[in-house]
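*Asks:* Have a peek at my_file-v1.cif (mmCIF, C-alpha atoms and all ligand atoms).
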```
data_coords
loop_
_atom_site.label_atom_id
_atom_site.label_comp_id
_atom_site.auth_asym_id
_atom_site.auth_seq_id
_atom_site.Cartn_x
_atom_site.Cartn_y
_atom_site.Cartn_z
CA MET A 81 73.72 99.31 86.50
CA LEU A 82 73.99 102.60 84.68
CA VAL A 83 76.26 103.09 81.67
CA LEU A 84 77.32 106.52 80.45
CA ARG A 85 78.51 106.18 76.86
CA ASN A 86 80.70 108.21 74.51
CA ALA A 87 81.55 111.04 76.88
CA THR A 88 84.58 113.26 76.69
CA VAL A 89 85.90 112.76 80.22
CA ILE A 90 87.74 115.33 82.30
CA ASP A 91 88.57 113.21 85.33
CA GLY A 92 89.52 115.91 87.84
CA THR A 93 93.22 114.99 88.07
CA GLY A 94 94.34 117.60 85.55
CA ALA A 95 94.98 114.91 82.90
CA ASP A 96 94.03 115.62 79.28
CA PRO A 97 90.38 115.00 78.33
CA ARG A 98 89.62 111.47 77.15
CA PRO A 99 87.21 111.32 74.20
CA LYS A 100 84.75 108.45 73.57
CA THR A 101 84.93 107.15 77.12
CA HIS A 102 82.37 104.88 78.76
CA VAL A 103 81.61 104.85 82.47
CA VAL A 104 79.95 101.92 84.20
CA ILE A 105 78.18 102.79 87.45
CA GLU A 106 77.07 100.11 89.85
CA GLY A 107 75.17 101.09 92.97
CA ASP A 108 76.67 104.33 94.27
CA SER A 109 80.13 103.81 92.75
CA ILE A 110 82.03 103.80 89.47
CA ARG A 111 82.93 100.24 88.50
CA LYS A 112 84.78 100.91 85.28
CA LEU A 113 85.91 103.83 83.17
CA GLY A 114 87.54 103.33 79.77
CA SER A 115 87.34 103.21 76.00
CA GLU A 116 86.24 99.58 75.84
CA THR A 117 82.54 99.32 74.94
CA PRO A 118 80.64 97.86 77.88
CA ARG A 119 78.12 95.07 77.31
CA ALA A 120 74.57 96.33 77.03
CA ASP A 121 72.79 93.57 78.98
CA ASP A 122 70.50 94.77 81.73
CA SER A 123 72.06 98.19 82.10
CA ARG A 124 70.40 101.53 81.64
CA ASP A 125 72.32 103.59 79.08
CA ILE A 126 72.74 107.29 78.62
CA ASP A 127 74.53 108.45 75.48
CA LEU A 128 76.74 111.46 76.22
CA SER A 129 78.05 112.04 72.68
CA GLY A 130 79.07 115.68 72.34
CA LEU A 131 79.01 116.24 76.10
CA THR A 132 81.80 116.56 78.63
CA LEU A 133 81.68 114.42 81.76
CA LEU A 134 83.30 115.81 84.91
CA PRO A 135 83.39 114.77 88.56
CA GLY A 136 80.57 116.36 90.55
CA LEU A 137 81.81 119.84 91.39
CA ILE A 138 82.71 120.69 94.99
CA ASP A 139 82.33 124.06 96.66
CA ALA A 140 84.72 124.14 99.61
CA HIS A 141 83.32 127.40 100.96
CA ALA A 142 79.53 127.39 101.04
CA HIS A 143 77.02 129.03 103.37
CA LEU A 144 73.79 127.27 102.41
CA GLY A 145 72.03 128.44 105.56
CA LEU A 146 73.09 132.11 105.64
CA VAL A 147 69.94 133.12 103.81
CA TYR A 148 68.84 136.03 105.96
CA PRO A 149 70.12 139.60 105.69
CA LEU A 150 73.16 139.65 107.93
CA ALA A 151 71.62 142.67 109.66
CA ALA A 152 68.97 140.25 110.93
CA GLU A 153 71.68 138.67 113.09
CA GLY A 154 71.21 141.57 115.47
CA ASP A 155 67.45 141.06 115.43
CA PRO A 156 66.65 137.47 114.52
CA GLY A 157 62.94 138.25 114.91
CA LEU A 158 63.01 139.75 111.40
CA ILE A 159 62.81 136.33 109.77
CA SER A 160 61.14 133.11 110.90
CA PRO A 161 62.90 129.75 111.27
CA ALA A 162 60.41 128.36 108.72
CA GLU A 163 61.54 130.93 106.15
CA ILE A 164 65.20 130.25 106.94
CA ALA A 165 64.62 126.52 106.45
CA ALA A 166 62.71 127.05 103.19
CA LEU A 167 65.38 129.36 101.73
CA THR A 168 68.15 126.98 102.86
CA PHE A 169 66.44 124.05 101.11
CA GLU A 170 66.05 126.17 97.98
CA ASN A 171 69.81 126.85 98.07
CA CYS A 172 70.36 123.08 98.31
CA ASN A 173 68.29 122.59 95.15
CA LEU A 174 70.09 125.35 93.25
CA CYS A 175 73.43 123.91 94.33
CA LEU A 176 72.66 120.48 92.89
CA ASP A 177 71.17 121.97 89.71
CA ALA A 178 74.43 123.93 89.20
CA GLY A 179 76.39 120.65 89.21
CA PHE A 180 77.78 120.92 92.74
CA THR A 181 77.23 117.51 94.30
CA THR A 182 79.31 118.30 97.40
CA VAL A 183 79.81 121.37 99.54
CA ARG A 184 81.87 122.11 102.60
CA ASP A 185 79.71 124.51 104.55
CA MET A 186 82.05 127.01 106.19
CA CYS A 187 79.66 128.13 108.92
CA GLY A 188 75.93 128.27 109.31
CA VAL A 189 74.28 124.87 108.97
CA ASP A 190 75.04 121.83 111.11
CA GLY A 191 74.31 118.11 110.99
CA GLY A 192 70.56 118.81 110.99
CA LEU A 193 70.67 119.71 107.30
CA VAL A 194 72.84 116.69 106.54
CA ARG A 195 70.21 114.42 108.07
CA ALA A 196 67.38 116.12 106.16
CA ILE A 197 69.24 115.53 102.87
CA GLU A 198 70.43 112.01 103.65
CA SER A 199 66.90 110.96 104.63
CA GLY A 200 65.67 112.09 101.21
CA ALA A 201 63.33 114.72 102.69
CA VAL A 202 65.38 117.50 101.08
CA ARG A 203 67.02 117.41 97.65
CA GLY A 204 70.58 118.61 97.99
CA PRO A 205 74.32 117.98 97.79
CA ARG A 206 76.56 116.07 100.18
CA VAL A 207 77.16 118.61 102.94
CA PHE A 208 80.23 118.70 105.19
CA PRO A 209 79.23 121.27 107.82
CA SER A 210 81.46 123.24 110.17
CA GLY A 211 78.65 124.38 112.46
CA PRO A 212 79.02 127.93 113.79
CA ALA A 213 82.43 129.52 113.26
CA ILE A 214 84.53 130.05 116.36
CA VAL A 215 85.13 133.78 116.80
CA GLN A 216 86.38 136.09 119.51
CA THR A 217 84.53 138.95 121.16
CA GLY A 218 84.73 141.93 118.82
CA GLY A 219 86.04 139.79 115.99
CA HIS A 220 84.78 139.23 112.45
CA GLY A 221 81.44 137.52 112.80
CA HIS A 222 80.51 139.28 116.04
CA VAL A 223 77.77 140.98 114.09
CA SER A 224 75.59 142.74 116.62
CA GLY A 225 76.55 146.37 117.16
CA PRO A 226 79.15 147.24 119.81
CA PHE A 227 76.53 149.10 121.84
CA CYS A 228 73.84 146.46 121.47
CA PHE A 229 71.92 146.61 124.76
CA GLN A 230 71.12 142.94 124.88
CA GLU A 231 73.10 140.55 122.72
CA CYS A 232 70.69 138.64 120.58
CA HIS A 233 72.36 135.97 118.51
CA LEU A 234 70.57 133.87 115.92
CA ALA A 235 71.19 130.27 116.97
CA ILE A 236 68.81 127.50 115.94
CA PRO A 237 70.45 124.13 116.71
CA GLY A 238 69.73 121.70 113.88
CA LEU A 239 69.34 124.49 111.33
CA VAL A 240 71.70 127.46 111.44
CA GLN A 241 74.07 129.49 113.55
CA LEU A 242 76.57 131.89 111.99
CA THR A 243 79.16 132.15 114.75
CA ALA A 244 79.84 131.28 118.37
CA ILE A 245 81.74 133.80 120.44
CA CYS A 246 84.51 132.12 122.41
CA ASP A 247 87.18 133.74 124.56
CA GLY A 248 89.88 131.52 126.04
CA PRO A 249 90.95 127.96 125.18
CA ASP A 250 88.31 126.39 127.42
CA ALA A 251 85.47 128.25 125.69
CA VAL A 252 86.90 127.22 122.31
CA ARG A 253 87.13 123.60 123.46
CA LEU A 254 83.53 123.58 124.66
CA GLN A 255 82.27 125.06 121.38
CA ALA A 256 84.37 122.64 119.31
CA ARG A 257 82.87 119.70 121.19
CA THR A 258 79.36 121.13 120.76
CA ASN A 259 79.91 121.58 117.02
CA PHE A 260 81.11 118.00 116.60
CA ARG A 261 78.19 116.72 118.68
CA ARG A 262 75.85 118.47 116.25
CA GLY A 263 77.46 116.86 113.22
CA ALA A 264 80.35 119.14 112.24
CA THR A 265 82.90 117.34 110.07
CA GLN A 266 85.61 120.01 110.57
CA LEU A 267 85.92 123.34 112.37
CA LYS A 268 86.11 126.89 111.11
CA ALA A 269 87.68 129.72 113.08
CA PHE A 270 87.83 133.41 112.20
CA ILE A 271 91.50 134.25 112.75
CA SER A 272 91.63 137.65 111.05
CA GLY A 273 89.37 140.63 110.50
CA GLY A 274 86.93 140.66 107.61
CA VAL A 275 86.22 142.70 104.50
CA VAL A 276 82.84 144.01 105.58
CA SER A 277 83.48 144.08 109.34
CA THR A 278 82.67 147.35 111.07
CA THR A 279 84.57 147.05 114.35
CA ASP A 280 87.78 145.39 113.20
CA ARG A 281 90.33 145.66 110.41
CA LEU A 282 91.39 143.23 107.68
CA GLU A 283 94.93 143.51 109.07
CA ASP A 284 93.97 142.38 112.60
CA THR A 285 94.76 138.92 113.89
CA GLN A 286 92.00 137.26 115.90
CA LEU A 287 91.98 134.43 118.44
CA THR A 288 95.27 133.48 120.12
CA VAL A 289 97.54 130.61 119.14
CA GLU A 290 96.57 128.95 122.44
CA GLU A 291 92.87 129.25 121.60
CA LEU A 292 93.47 127.83 118.13
CA LYS A 293 95.51 124.96 119.56
CA ALA A 294 92.46 123.94 121.64
CA ALA A 295 90.36 123.76 118.45
CA VAL A 296 93.09 121.82 116.62
CA PHE A 297 93.38 119.33 119.49
CA GLU A 298 89.63 118.67 119.44
CA ALA A 299 89.61 118.32 115.65
CA ARG A 300 92.59 115.97 115.57
CA ALA A 301 90.99 113.87 118.31
CA ARG A 302 88.30 113.15 115.71
CA GLU A 303 90.83 112.77 112.85
CA THR A 304 89.74 115.98 111.22
CA TYR A 305 91.05 119.55 110.95
CA VAL A 306 90.50 123.27 111.44
CA SER A 307 90.29 125.86 108.68
CA GLY A 308 90.84 129.54 109.37
CA HIS A 309 89.24 132.59 107.80
CA ALA A 310 92.44 134.58 107.19
CA HIS A 311 93.02 137.65 105.05
CA ASN A 312 96.49 138.65 106.28
CA VAL A 313 99.80 136.85 106.69
CA ARG A 314 100.17 137.40 110.44
CA SER A 315 96.98 135.43 111.02
CA ILE A 316 98.14 132.65 108.66
CA ARG A 317 101.40 132.43 110.65
CA ASN A 318 99.41 132.09 113.89
CA GLY A 319 97.25 129.43 112.27
CA LEU A 320 100.27 127.46 111.03
CA GLU A 321 101.80 127.60 114.52
CA ALA A 322 98.58 126.18 115.97
CA GLY A 323 98.32 123.43 113.33
CA LEU A 324 95.54 124.72 111.06
CA GLU A 325 95.43 122.76 107.78
CA CYS A 326 93.55 125.17 105.59
CA PHE A 327 93.11 128.91 105.14
CA GLU A 328 90.11 130.65 103.57
CA HIS A 329 90.49 133.79 101.39
CA GLY A 330 94.26 134.37 101.90
CA THR A 331 93.89 137.82 100.37
CA GLN A 332 97.24 139.32 101.35
CA LEU A 333 99.35 136.17 100.97
CA ASP A 334 103.05 136.78 100.27
CA GLU A 335 105.75 134.48 98.91
CA ALA A 336 107.40 133.67 102.25
CA THR A 337 104.09 132.75 103.87
CA ALA A 338 103.07 130.68 100.86
CA GLN A 339 106.36 128.78 101.22
CA ALA A 340 105.62 128.19 104.91
CA MET A 341 102.16 126.90 104.00
CA ALA A 342 103.56 124.55 101.38
CA THR A 343 106.16 123.22 103.83
CA ALA A 344 103.44 122.60 106.44
CA GLY A 345 101.19 120.98 103.84
CA ALA A 346 98.50 123.61 104.49
CA ALA A 347 95.96 124.50 101.80
CA LEU A 348 94.54 127.75 100.49
CA ASP A 349 90.88 128.10 99.61
CA PRO A 350 90.53 131.39 97.69
CA THR A 351 87.05 132.90 97.37
CA LEU A 352 86.92 135.07 94.27
CA ALA A 353 83.21 134.77 93.43
CA VAL A 354 81.84 136.45 96.54
CA THR A 355 84.30 139.28 96.11
CA ARG A 356 83.21 139.89 92.52
CA LEU A 357 79.49 139.61 93.33
CA MET A 358 79.74 141.91 96.34
CA ALA A 359 81.44 144.59 94.25
CA THR A 360 78.79 144.37 91.53
CA HIS A 361 75.68 143.67 93.67
CA TRP A 362 76.49 145.72 96.76
CA LYS A 363 73.10 147.41 96.78
CA GLU A 364 71.07 144.18 96.71
CA TRP A 365 73.38 142.76 99.37
CA GLY A 366 72.53 145.67 101.67
CA MET A 367 76.03 147.10 101.76
CA GLN A 368 77.16 150.69 101.80
CA GLU A 369 78.87 152.14 98.75
CA PHE A 370 82.06 153.06 100.62
CA VAL A 371 83.05 149.39 100.93
CA VAL A 372 83.02 148.85 97.14
CA PRO A 373 86.58 150.11 96.44
CA ARG A 374 87.78 148.03 99.40
CA ILE A 375 86.16 144.93 97.87
CA ARG A 376 87.60 145.59 94.40
CA ASP A 377 91.03 146.01 95.92
CA CYS A 378 90.46 142.71 97.70
CA GLU A 379 89.78 140.87 94.43
CA ALA A 380 92.98 142.24 92.88
CA GLN A 381 95.00 141.11 95.90
CA MET A 382 93.32 137.70 96.00
CA THR A 383 94.10 137.17 92.32
CA GLN A 384 97.74 137.81 93.11
CA ALA A 385 97.52 135.48 96.15
CA VAL A 386 96.30 132.66 93.90
CA ARG A 387 99.32 133.14 91.61
CA ILE A 388 101.72 133.21 94.57
CA ALA A 389 100.21 130.09 96.15
CA GLU A 390 100.28 128.21 92.85
CA ALA A 391 103.94 129.11 92.27
CA ALA A 392 104.82 127.92 95.80
CA GLY A 393 103.06 124.59 95.27
CA VAL A 394 100.36 125.19 97.90
CA LEU A 395 97.36 122.83 97.68
CA LEU A 396 94.61 125.00 96.17
CA GLY A 397 90.88 124.63 96.67
CA SER A 398 87.89 126.44 95.28
CA GLY A 399 85.24 128.20 97.34
CA SER A 400 82.47 130.54 96.22
CA ASP A 401 81.57 131.94 99.68
CA LEU A 402 78.10 132.77 98.31
CA LEU A 403 75.73 134.27 100.87
CA GLY A 404 72.03 135.00 101.02
CA PRO A 405 68.98 133.46 99.37
CA LYS A 406 68.88 132.16 95.77
CA GLN A 407 72.56 131.22 95.54
CA ASN A 408 72.75 130.63 91.78
CA ARG A 409 76.30 131.69 90.81
CA ARG A 410 78.34 128.92 92.44
CA GLY A 411 80.20 128.18 89.20
CA LEU A 412 81.52 131.75 88.96
CA GLU A 413 84.40 130.73 91.23
CA ILE A 414 85.68 128.31 88.59
CA VAL A 415 85.27 130.90 85.83
CA LEU A 416 87.29 133.51 87.74
CA LYS A 417 89.97 130.97 88.71
CA ALA A 418 90.18 129.85 85.06
CA ALA A 419 91.08 133.40 84.07
CA ILE A 420 94.09 133.22 86.42
CA LEU A 421 95.32 129.61 86.20
CA GLY A 422 93.57 128.23 83.11
CA ALA A 423 90.38 126.18 82.91
CA MET A 424 91.90 122.77 83.59
CA ARG A 425 93.57 123.90 86.82
CA ALA A 426 90.40 125.71 87.91
CA ILE A 427 88.38 122.52 87.41
CA GLN A 428 91.03 120.46 89.21
CA CYS A 429 90.94 122.84 92.21
CA ALA A 430 87.13 122.50 92.41
CA THR A 431 87.26 118.71 92.24
CA GLN A 432 90.45 116.90 93.28
CA GLY A 433 91.87 119.89 95.19
CA ASN A 434 88.77 120.37 97.31
CA ALA A 435 88.42 116.62 97.92
CA LYS A 436 92.02 116.55 99.23
CA ILE A 437 91.41 119.54 101.50
CA MET A 438 88.33 117.80 102.88
CA HIS A 439 90.12 114.44 103.40
CA GLN A 440 87.64 112.91 100.95
CA ASP A 441 89.89 112.25 97.95
CA HIS A 442 89.60 108.46 98.41
CA LYS A 443 85.89 108.80 97.49
CA LEU A 444 85.27 112.17 95.83
CA GLY A 445 86.77 114.69 93.43
CA THR A 446 87.98 112.43 90.60
CA LEU A 447 86.43 109.95 88.19
CA GLY A 448 87.86 106.46 88.38
CA ALA A 449 87.04 102.88 89.34
CA GLY A 450 86.03 102.62 92.99
CA LYS A 451 85.16 106.32 93.42
CA LEU A 452 81.65 107.43 94.34
CA ALA A 453 79.57 108.02 91.21
CA ASP A 454 79.20 111.79 91.52
CA CYS A 455 79.43 113.25 88.04
CA ILE A 456 78.00 115.91 85.76
CA ALA A 457 77.62 116.25 82.01
CA VAL A 458 78.22 119.67 80.49
CA ASP A 459 76.71 120.63 77.17
CA GLY A 460 79.89 121.85 75.45
CA ASP A 461 83.58 122.12 76.22
CA PRO A 462 84.28 123.83 79.56
CA LEU A 463 88.00 124.02 78.73
CA ALA A 464 87.24 126.28 75.78
CA THR A 465 84.33 128.04 77.51
CA PRO A 466 84.67 127.93 81.31
CA ALA A 467 81.52 130.10 81.61
CA LEU A 468 79.49 126.94 80.85
CA LEU A 469 80.23 125.91 84.44
CA ASP A 470 78.42 129.03 85.66
CA ASP A 471 75.30 128.25 83.63
CA PRO A 472 73.04 125.61 85.23
CA ALA A 473 71.09 125.30 81.96
CA ARG A 474 74.26 123.84 80.38
CA ILE A 475 74.77 121.35 83.22
CA VAL A 476 72.43 118.85 81.61
CA LEU A 477 72.99 115.79 83.76
CA VAL A 478 73.82 115.50 87.44
CA ILE A 479 74.45 112.15 89.12
CA LYS A 480 75.00 111.92 92.87
CA GLY A 481 75.98 108.58 94.38
CA GLY A 482 74.90 106.74 91.24
CA GLU A 483 71.48 108.37 91.23
CA VAL A 484 70.38 110.71 88.44
CA VAL A 485 69.26 113.85 90.30
CA LYS A 486 68.97 116.19 87.31
CA ASN A 487 68.43 115.39 83.67
CA LEU A 488 67.85 118.03 81.00
CA MET A 489 68.95 115.81 78.12
CA PRO A 490 66.81 115.79 74.99
CA ASP A 491 64.17 113.05 74.90
CA ARG A 492 65.55 109.56 75.17
CA SER A 493 63.44 106.57 76.06
CA GLU A 494 65.60 105.48 79.02
CA ARG A 495 65.70 108.88 80.66
CA PRO A 496 63.85 109.09 83.99
CA ALA A 497 61.08 111.69 84.04
CA PRO A 498 62.04 114.45 86.49
CA ALA A 499 59.22 115.82 88.61
CA PRO A 500 57.76 118.96 86.97
CA ALA A 501 58.56 121.19 89.93
CA ARG A 502 62.22 120.19 89.69
CA ARG A 503 62.39 120.96 86.00
CA GLU A 504 60.92 124.40 86.62
CA ALA A 505 63.38 125.00 89.42
CA ALA A 506 66.24 124.06 87.10
CA ALA A 507 64.95 126.33 84.36
CA ALA A 508 64.47 129.24 86.76
CA VAL A 509 67.97 129.01 88.14
CA ARG A 510 69.28 132.07 86.38
ZN ZN B 1 82.51 132.65 104.20
#
```
Just give me the structure of the file as structure tokens.
*Replies:*
Amino acid sequence: MLVLRNATVIDGTGADPRPKTHVVIEGDSIRKLGSETPRADDSRDIDLSGLTLLPGLIDAHAHLGLVYPLAAEGDPGLISPAEIAALTFENCNLCLDAGFTTVRDMCGVDGGLVRAIESGAVRGPRVFPSGPAIVQTGGHGHVSGPFCFQECHLAIPGLVQLTAICDGPDAVRLQARTNFRRGATQLKAFISGGVVSTTDRLEDTQLTVEELKAAVFEARARETYVSGHAHNVRSIRNGLEAGLECFEHGTQLDEATAQAMATAGAALDPTLAVTRLMATHWKEWGMQEFVVPRIRDCEAQMTQAVRIAEAAGVLLGSGSDLLGPKQNRRGLEIVLKAAILGAMRAIQCATQGNAKIMHQDHKLGTLGAGKLADCIAVDGDPLATPALLDDPARIVLVIKGGEVVKNLMPDRSERPAPAPARREAAAAVR
């Protein structure tokens, strides 16, 4: 039994913080949470006075395995599978150290990574993978050049594949079944153009309603869902018609479409962090300068989309969409969302909201009796200073499934000694 004492608890539901709260963890779950002092028999205690306890954060739009320069997609020989695996595992470590105990991977890794983490061979978060995104010929995610002599597509089953090109409902169905066979827990489809695409436009719709219906049928057969990468409203309308439950980005969302989403019970997963980082780090990300104004414009529109969705009562998630190696700014999404909707709502989107989107709210996303014991302690008050959530050094305790996986608390006799390499990794995060 593990007892967390004297924490100020933000439980993920949007309710006011509860000071001087004690949490009793038994096995992988929370047994009790309240102000009553638990008995100190054979339990291990951690005193969280002065700290804020939150549910483990969730990133609903991760790409843990997209660690190679996207240009390497056209020539996968530029990077070895061993390097891809090593950089992916490093991202898993950084993710946990940043307080994210769960991610929904929105294309790239498959069930191979889940098995590596669940077996204990790799330290990392709970991963809900989509497998490769379903895309059409010439669509966003068809990354090799249009005149590429011989299509060469990076696809390493059990590790990473960015996209799978599918034309026609039967091809979509086959890919959906393959993704699920390899451990996908939901599907991702690119249903509009992308920000950095070179052969399509943000305003384009991609994949047909019939193609999307094939993906939705296969997902529903397994009691799960399809999420669509969608920047424009025409693509969201197609997705709603086909039965998609969630939309990524939603950059150009308008009021009428937000209303239609709310009526259908569909969710929006905005991705502000990647947009901000791309605009400020375009050189390191290997992008050309001409796309920078386009990206800045995108952030302004997405900010507006978040306001519109919130006003319409659309279920809101939180996704960083970080790409590349050394993904160490996952919390930036919450900071940017806090500037639009306030810190409490931003935290709620990244916990309860994401858990609902992922059909995991019976286990994850909030702190309460019976929930899985995924929680983090923040050194300070994230409601007053949301930036704390983007600073892994201030995420001093991370517990995943009842197990302490990071502990930077000052010396206390009962604290487990983290392996030196892990401590260094945590310190080197920023
Ligand atoms: Zn993405």
*Asks:* Got a sec to check which residues sit within 12 Å of (69.3, 121.6, 119.5), counting all atoms listed in the file, and write them as a list of chain:residue names?
*Replies:*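 Checking each residue against the 12 Å limit leaves A:Asp190, A:Gly191, A:Gly192, A:Ala235, A:Ile236, A:Pro237, A:Gly238, A:Leu239, A:Val240, A:Gln241, A:Thr258, A:Asn259, A:Arg261, A:Arg262, A:Gly263.
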*Asks:* Could the residues that lie within 12 Å of ligand ZN 1 (chain B), counting all atoms listed in the file, be listed as JSON, numbers by chain?
*Replies:* {"A": [139, 140, 141, 142, 143, 144, 145, 146, 184, 185, 186, 187, 188, 210, 212, 213, 220, 221, 242, 243, 268, 269, 270, 274, 275, 276, 307, 308, 309, 310, 311, 327, 328, 329, 349, 350, 351, 352, 353, 354, 355, 399, 400, 401, 402, 403, 404]}
*Asks:* Step by step: start from the point (102.2, 128.0, 114.8) in the file's coordinates, keep every protein, DNA or RNA residue that has an atom no farther than 12 Å from it, count only C-alpha atoms, and write the set as a list in words.
*Replies:*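 The requested residues, written out, are Thr288, Val289, Glu290, Glu291, Leu292, Lys293, Val296, Arg314, Ser315, Ile316, Arg317, Asn318, Gly319, Leu320, Glu321, Ala322, Gly323, Leu324, Glu325, Ala340, Met341, Ala344 and Ala346 of chain A.
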*Asks:* Could you work out how far atom CA of A:Pro249 lies from atom CA of A:Cys228, giving the answer in Å with one decimal?
*Replies:*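 So the answer is 25.5 Å.
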*Asks:* Compile the contact shell of stretch 447-454 of chain A as a list in words: residues with an atom at most 8 Å away, counting all atoms listed in the file, same-chain residues fewer than 3 positions apart removed.
*Replies:* Asp91, Gly92, Ile105, Asp108, Ser109, Ile110, Arg111, Lys112, Leu113, Leu134, Pro135, Gly136, Thr181, His442, Lys443, Leu444, Val478, Ile479, Lys480, Gly481 and Gly482 of chain A
*Asks:* Using atom CA of A:Leu267 and atom CA of A:Thr331 as the two end points, give the distance in Å to one decimal.
*Replies:*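 Taking atom CA of A:Leu267 as the start and atom CA of A:Thr331 as the end point, the length is 20.4 Å.
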*Asks:* Fewer than 6 positions away in the same chain doesn't count, so skip those; otherwise give me all residues within 8 Å of A:Leu167, counting only C-alpha atoms, as JSON, numbers by chain.
*Replies:* {"A": [145, 147, 405, 406]}
*Asks:* Find the residues of stretch 291-345 of chain A that sit at most 9 Å from stretch 434-439 of chain A; for each, write down the nearest two atoms and how far apart they are in Å, to one decimal. Count all atoms listed in the file. Sort by chain, then by number going up, and give it as CSV.
*Replies:*
```
residue,atom,partner,partner_atom,distance
A:Thr304,CA,A:His439,CA,8.0
A:Tyr305,CA,A:Met438,CA,8.7
A:Glu325,CA,A:Ile437,CA,8.1
A:Cys326,CA,A:Ile437,CA,7.3
```
*Asks:* So the first atom is atom CA of A:Leu137 and the second is atom CA of A:Ile420; what is the distance between them in Å, to one decimal place?
*Replies:*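 So the two atoms, atom CA of A:Leu137 and atom CA of A:Ile420, lie 18.8 Å apart.
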*Asks:* Between A:Cys455, A:Ile90, A:Ala256, A:Leu463, which is the closest to A:Leu176 once you count all atoms listed in the file?
*Replies:*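 Under the stated criterion, the closest residue is A:Cys455.
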*Asks:* Provide an axis-aligned box for all listed atoms of stretch 353-369 of chain A, padding each side by 5 Å; report its centre and its edge lengths in Å to one decimal, as lines of an AutoDock Vina configuration file.
*Replies:*
```
center_x = 77.7
center_y = 143.5
center_z = 96.7
size_x = 23.2
size_y = 27.4
size_z = 20.3
```
*Asks:* Would you please work out which residue, of A:Gly157, A:Gly218, A:Gly200, A:Pro462, is nearest to A:Cys232 when using all atoms listed in the file?
*Replies:*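 When distances to A:Cys232 are compared using all atoms listed in the file, the smallest one comes from A:Gly157.
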*Asks:* Fewer than 2 positions away in the same chain doesn't count, so skip those; otherwise give me all residues within 6 Å of stretch 386-398 of chain A, counting all atoms listed in the file, as a compact mmCIF listing (two decimals) with C-alpha atoms, keeping the file's coordinate frame.
*Replies:*
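Done, and the output landed in part_14.txt:
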```
# COMPACT_ATOMS: atom_id res chain seq x y z
CA ALA A 140 84.72 124.14 99.61
CA ALA A 338 103.07 130.68 100.86
CA GLN A 339 106.36 128.78 101.22
CA ALA A 342 103.56 124.55 101.38
CA ALA A 347 95.96 124.50 101.80
CA LEU A 348 94.54 127.75 100.49
CA ASP A 349 90.88 128.10 99.61
CA THR A 383 94.10 137.17 92.32
CA GLN A 384 97.74 137.81 93.11
CA CYS A 429 90.94 122.84 92.21
CA ALA A 430 87.13 122.50 92.41
CA GLY A 433 91.87 119.89 95.19
CA ASN A 434 88.77 120.37 97.31
```
*Asks:* Which residue is closest to A:Leu416? Choose from A:Thr465, A:Thr182, A:Thr337, A:Ser115 and count only C-alpha atoms.
*Replies:* A:Thr465
*Asks:* Will you model N, CA and C atoms for stretch 356-367 of chain A and pass it back as a tab-separated table (two decimals), in the coordinates of the input?
*Replies:*
```tsv
chain	number	residue	atom	x	y	z
A	356	ARG	N	83.72	139.29	93.75
A	356	ARG	CA	83.21	139.89	92.52
A	356	ARG	C	81.73	140.27	92.66
A	357	LEU	N	80.94	139.36	93.23
A	357	LEU	CA	79.49	139.61	93.33
A	357	LEU	C	79.18	140.74	94.31
A	358	MET	N	79.96	140.82	95.38
A	358	MET	CA	79.74	141.91	96.34
A	358	MET	C	80.02	143.26	95.69
A	359	ALA	N	81.08	143.32	94.89
A	359	ALA	CA	81.44	144.59	94.25
A	359	ALA	C	80.39	145.00	93.22
A	360	THR	N	79.75	144.03	92.58
A	360	THR	CA	78.79	144.37	91.53
A	360	THR	C	77.35	144.41	92.06
A	361	HIS	N	77.07	143.73	93.16
A	361	HIS	CA	75.68	143.67	93.67
A	361	HIS	C	75.58	144.25	95.08
A	362	TRP	N	76.43	145.23	95.39
A	362	TRP	CA	76.49	145.72	96.76
A	362	TRP	C	75.16	146.25	97.26
A	363	LYS	N	74.39	146.84	96.35
A	363	LYS	CA	73.10	147.41	96.78
A	363	LYS	C	72.13	146.32	97.22
A	364	GLU	N	71.98	145.28	96.34
A	364	GLU	CA	71.07	144.18	96.71
A	364	GLU	C	71.54	143.47	97.98
A	365	TRP	N	72.85	143.48	98.20
A	365	TRP	CA	73.38	142.76	99.37
A	365	TRP	C	73.31	143.62	100.63
A	366	GLY	N	72.73	144.82	100.50
A	366	GLY	CA	72.53	145.67	101.67
A	366	GLY	C	73.81	146.29	102.21
A	367	MET	N	74.78	146.52	101.28
A	367	MET	CA	76.03	147.10	101.76
A	367	MET	C	76.14	148.56	101.37
```
